[in-house]
Structures are given as structure tokens and as C-alpha cells.
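Here's the structure, in C-alpha cells; my notes come after.
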Amino acid sequence: MSEIVLINVTGEDRPGITAALTAILARYQVPILDIGQSTIHNALALGLMVELPRSGTDCGVFKELLFSAHTLGLDIRFTPIAADDYEGWVRDQGQPRHILTLVGREIEAEHIARVSAVVAERGLNVDRIARLTGRISRRERLPAALASVELSVRGAVTDLTELHGALLALGRVLDVDISVQEDDIFRRNRRLVCFDMDSTLIQTEVIDELAAAAGVGAEVAAITEAAMRGELDFKESFRRRMALLKGLDESVLAGIAERLPITEGADRLIATLKRLGYKVAILSGGFTYFAEHLQRRFGIDYVHANRLEFRDGTLTGEVSGEIVDGARKAELLREIAAREGIRLEQVIAVGDGANDLPMLAIAGLGIAFHAKPIVTEQARHAIATVGLDAILYLLGMRDRDVEALS
């Protein structure tokens, strides 16, 4: 016969604690059934689930552990675990798991409390919480600082869409982004990221910049907004806008390309993913002239956009080749994934407009970025409060991991 005991150790952290305590267990040949440790500001919490044989040796183990803990200035507690309770705990390991990621400028107690309440209301249990971002100084405040916390949640989610909606609504109230993902192998093994360009990688709609230079800004902006809201067919709206640009001098494009406002976090995100071997693509309803400018800057692997047509140094008001609309973006994403030997579950897609919805829907991680309401509501994940590098935290990366790659 044997007895299962949970050992809890708390106190000031220092090197050698785990080694000292497990060495005692090793001398008595005590199996460790589970182990977990966390440290916050040098405060240690160590837990060991062990199985003690009922042979009279358990008293010696307890004495040695108590003496060692006292010597190290630690508190130690022993809790017997009933056999049925232990077996129930073992069975729980087969329960589904989800990861909730909070990202914002700051994560406050209210954020954790409200998210935890949403989880608890659905019969789910938070079994691990980890901070992904680095420690934040309270003396030197960085204007673009990020804070991210990851919660591991155990239990069956009966309606993932409903949970996503509840967290999305809560995020709007709290001004924080909250994502929920299944904790599966694909979450930790993405290999391709496909970006929309306008209002995603860059903080403008290039066609609006061209329209302003051509003196038709208001007319084109109105059509653009209607298309991004899903009120107009993209191809038809695109042809209407292009027709208004007829006659614009080609020399205007170079100046616009040099002034493109890059979205916050784009440099950090793409540099990190490239170092990790990710393939990066731009799939845009914008123009190759500007996408290729970004390709040179970031080292983008694939660019698919609309190619402007010129005659005698001016725009003809048309594009050559097939117009890249929402359906074409999804088709291109599939083609690139197949070419790279990557499953769709390993693909990240990021966009802001209605024409991005088809590719967001088929990607393993589809993210609406500072998107129109229709896109945010239909996408499975959304970032609305911070920059593109928040995606690193959705992938489970920590700041120290990113810094180690720099």
C-alpha cells in the first residue's frame, strides 16, 4: 500500500532549494507524480505530488524534509490526498484546454477579475497564469509599453464563438485585447504570416493618398469606406476608384512610398518571425508598387497585389492582371501554404477590412487588426488597443524570448 501526499513549500527563493528537497526524496526512492514551481519577486511557491510507501520510512522522509526546509528558512506543508481524489485529478488531464491572452498598455486587477469571472461562469477553471511581457518600471514609464498575461484554462467550452463574443465585448469595456485559442500543437507551430497592407502594415490607405494627390480625395475615400464596410462589391468599388485616378503622374508614387507610415510593432513582429524562420507574405487589394517597397524594407517573401498600369508616365485608371479581392486573397494564402508545405492551421492572417474576411476565416490564427466592426465581429481574434507586435504574445512568446533573438 502507498500514500499520496502533496508537499507545498513557500518562502524566499534562492539557488539549491529544489535540489536539496528532491535529493531527500531520491534517497528514499520516492516517486514524484507531479511538480510545479513559480516565483514572484523572489517569493517561491513549490509543489510536489509524491507517492510514499507505507513501510515505516515515510516518517523519516517527513523529518528530513522538515529539517531541510527549516535550515533553508522555508515553510513546508504536507497534505494527504485520497486515492479517489488523485484518480479524479488524473482523469482531468484529458479535459480540453484553452489559452486566454490579455494584451494592453497595462494589465490591472480588474482585467484579471473580469476575465476570470467570464471563465468561471462557464464552468471553466484557470490552472495557470503567466506574464509574457517583461517587468515594468514604475519610475520610467515608456509611452508604447505593452503588458501581456496568459491564462491556461481547463474544461469543455460548449460554444467557443459565444465565449469569444463575451471576451470581445469585455475587452471593449476594459480597453484591452483578449484572445482565446485552443491549446493545441498548432498554436505553438505557426510557420506563415499573411498581412493585408493598407491600414494593417501601414497606417493609411494608399489609394486615398493617390486620390488626394489627384484632387479626388473625398470621392475615393467615400467609396473606400463603403467597400471596407462590406457595402460594395470590392472589384466594382476598386474599378470606380481607379477610374478617378486616371492621368495622375507616375512621379507622385515615389514620394508617397517614402512617406508610408509603418504601423506600430510591425518592425519588431516581422524581424522576430523572420529570425524564427517564418515565411511572410503581403496579400493586398492595394498596389504592388508600394507592397514591393515594403518587401525591400522588411524582407517579405511573397507579394501579391494589384499592378498599376501606366501610359506615357501617367496612370491609365486601370490595373493589369486579376484584381486581388477577398476571394483571391484566400486563394493566394492556400497556394503559398501549399508551396511551403504548411498546413492552414499553421498560417496567421492579419487584416482590417471586409475583403480580408475570407483569408482570416481559413487561417489557423485569423486576426482582425484595428478593424472595421463587421470584421472584428466575424474574425476569431482581434487586436484593437495596441500594435502588431501583440501577435507575438498570441503565439505564446515572452519578451525575454524575443530579446534573445535580437
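Ordering of the C-alpha cells sets the chain letters (A, B, ...); residue numbers start at 1 within each chain; ligands are numbered from 1 in the order shown.
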
Find the nearest atom pair between each residue of segment 296-330 of chain A and segment 217-236 of chain A for residues within 10 Å, count only C-alpha atoms, give distances in Å to one decimal, sort rows by chain and ascending number, and present the table as a Markdown table.
| residue | atom | partner | partner_atom | distance |
| --- | --- | --- | --- | --- |
| A:Glu322 | CA | A:Lys235 | CA | 9.9 |
| A:Ile323 | CA | A:Lys235 | CA | 6.8 |
| A:Val324 | CA | A:Lys235 | CA | 8.2 |
| A:Asp325 | CA | A:Phe234 | CA | 6.2 |
| A:Gly326 | CA | A:Phe234 | CA | 7.8 |

Which residues, written as a VMD selection string, have at least one atom at most 8 Å from Pro358 of chain A, with only C-alpha atoms counted and residues fewer than 4 positions away on the same chain left out?
chain A and resid 326 to 327 329 to 330 362

Quick one: residues within 8 Å of segment 93-98 of chain A, only C-alpha atoms, excluding same-chain residues fewer than 4 positions away - as a PyMOL selection string?
chain A and resi 89+152-157+180-183

Hey, can you spit out that residue selection with C-alpha atoms as a CSV table (one decimal), in the first residue's frame?
chain,number,residue,atom,x,y,z
A,89,TRP,CA,-7.3,14.6,-10.8
A,152,SER,CA,-4.4,28.4,-19.2
A,153,VAL,CA,-8.0,27.3,-18.9
A,154,ARG,CA,-9.2,23.7,-18.4
A,155,GLY,CA,-12.6,22.4,-19.2
A,156,ALA,CA,-15.0,21.8,-22.1
A,157,VAL,CA,-16.0,25.0,-24.0
A,180,VAL,CA,-9.0,32.7,-26.7
A,181,GLN,CA,-7.3,29.8,-28.6
A,182,GLU,CA,-7.4,26.1,-28.4
A,183,ASP,CA,-4.2,24.9,-26.7

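The residue that comes closest to Tyr28 of chain A, out of A:Gly60, A:Val319, A:Gly11, A:Ala243 and on the basis of only C-alpha atoms, is A:Gly60.
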
Polymer residues at most 10 Å from Thr376 of chain A, only C-alpha atoms, same-chain spacing of 2 or more positions, as a PyMOL selection string
chain A and resi 165+168+351-354+357+367-374+378-384

Set the distance at 10 Å and use only C-alpha atoms: which residues neighbour Thr204 of chain A once local chain neighbours fewer than 6 positions away are removed? I'd like the list as a list in words.
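Everything that qualifies: Met197, Asp198, Leu260, Pro261, Ile262 and Thr263 of chain A.
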
All residues 7 Å or closer to Arg190 of chain A, only C-alpha atoms, same chain fewer than 4 positions away omitted, as a ChimeraX atom specification:
/A:186,346-347

Just asking: which residues within segment 67-316 of chain A are alpha helix (DSSP H) according to DSSP, as a PyMOL selection string?
chain A and resi 67-71+83-91+109-121+160-174+206-214+217-228+234-244+251-258+266-275+288-298

Name the residues of segment 151-356 of chain A that fall into strand (DSSP E) according to DSSP on the backbone, using the chain letters and numbers of this document, as a ChimeraX atom specification.
/A:151-154,177-182,192-195,279-287,302-311,314-320,347-351

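The space between atom CA of Ile270 of chain A and atom CA of Gly364 of chain A spans 18.2 Å.
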
Would you list the contacts of segment 39-50 of chain A as a list in words, taking every protein, DNA or RNA residue within 6 Å and counting only C-alpha atoms, but skipping same-chain residues closer than 3 positions in sequence?
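What passes the distance filter is Ile4, Val5, Leu6, Ile7, Asn8, Val9, Thr10, Gly11, Glu12, Asp13, Pro31, Ile32, Leu33, Asp34, Ile35 and Gly36 of chain A.
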
Produce a file of the selected residues containing C-alpha atoms, as a short mmCIF file (atom, residue, chain, number, x, y, z; two decimals), in the first residue's frame.
data_model
loop_
_atom_site.label_atom_id
_atom_site.label_comp_id
_atom_site.auth_asym_id
_atom_site.auth_seq_id
_atom_site.Cartn_x
_atom_site.Cartn_y
_atom_site.Cartn_z
CA ILE A 4 -0.12 10.07 -1.95
CA VAL A 5 0.96 13.36 -0.37
CA LEU A 6 1.02 16.90 -1.70
CA ILE A 7 4.04 18.85 -0.45
CA ASN A 8 3.78 22.66 -0.56
CA VAL A 9 6.90 24.74 0.02
CA THR A 10 6.90 28.54 0.32
CA GLY A 11 9.47 31.16 1.24
CA GLU A 12 12.27 33.28 -0.16
CA ASP A 13 13.69 31.84 -3.36
CA PRO A 31 8.34 8.76 -6.91
CA ILE A 32 7.37 12.33 -7.88
CA LEU A 33 3.95 12.22 -9.55
CA ASP A 34 3.79 15.93 -10.35
CA ILE A 35 5.85 19.05 -9.75
CA GLY A 36 5.28 22.76 -10.28
#

Atom pair atom CA of Thr133 of chain A / atom CA of Arg191 of chain A: separation (Å):
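So the two atoms, atom CA of Thr133 of chain A and atom CA of Arg191 of chain A, lie 22.3 Å apart.
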
Among listed residues A:Gly123, A:Pro15, A:Gly387, A:Gly134, nearest Glu264 of chain A (using only C-alpha atoms):
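That would be A:Gly387, the residue with the smallest distance to Glu264 of chain A.
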
Measuring atom to atom with only C-alpha atoms, identify which of A:Asp249, A:Glu162, A:Glu345, A:Asp401 is nearest to Leu276 of chain A.
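Smallest distance to Leu276 of chain A is found for A:Asp401.
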
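Comparing the minimum interatomic distances between Glu209 of chain A and each of A:Glu403, A:Ala257, A:Cys194, A:Thr158, counting only C-alpha atoms, we find that A:Ala257 sits nearest.
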
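Proximity of A:Leu283, A:Ile112, A:Ala83, A:Ile342 to Thr200 of chain A, computed with only C-alpha atoms, is greatest for A:Leu283.
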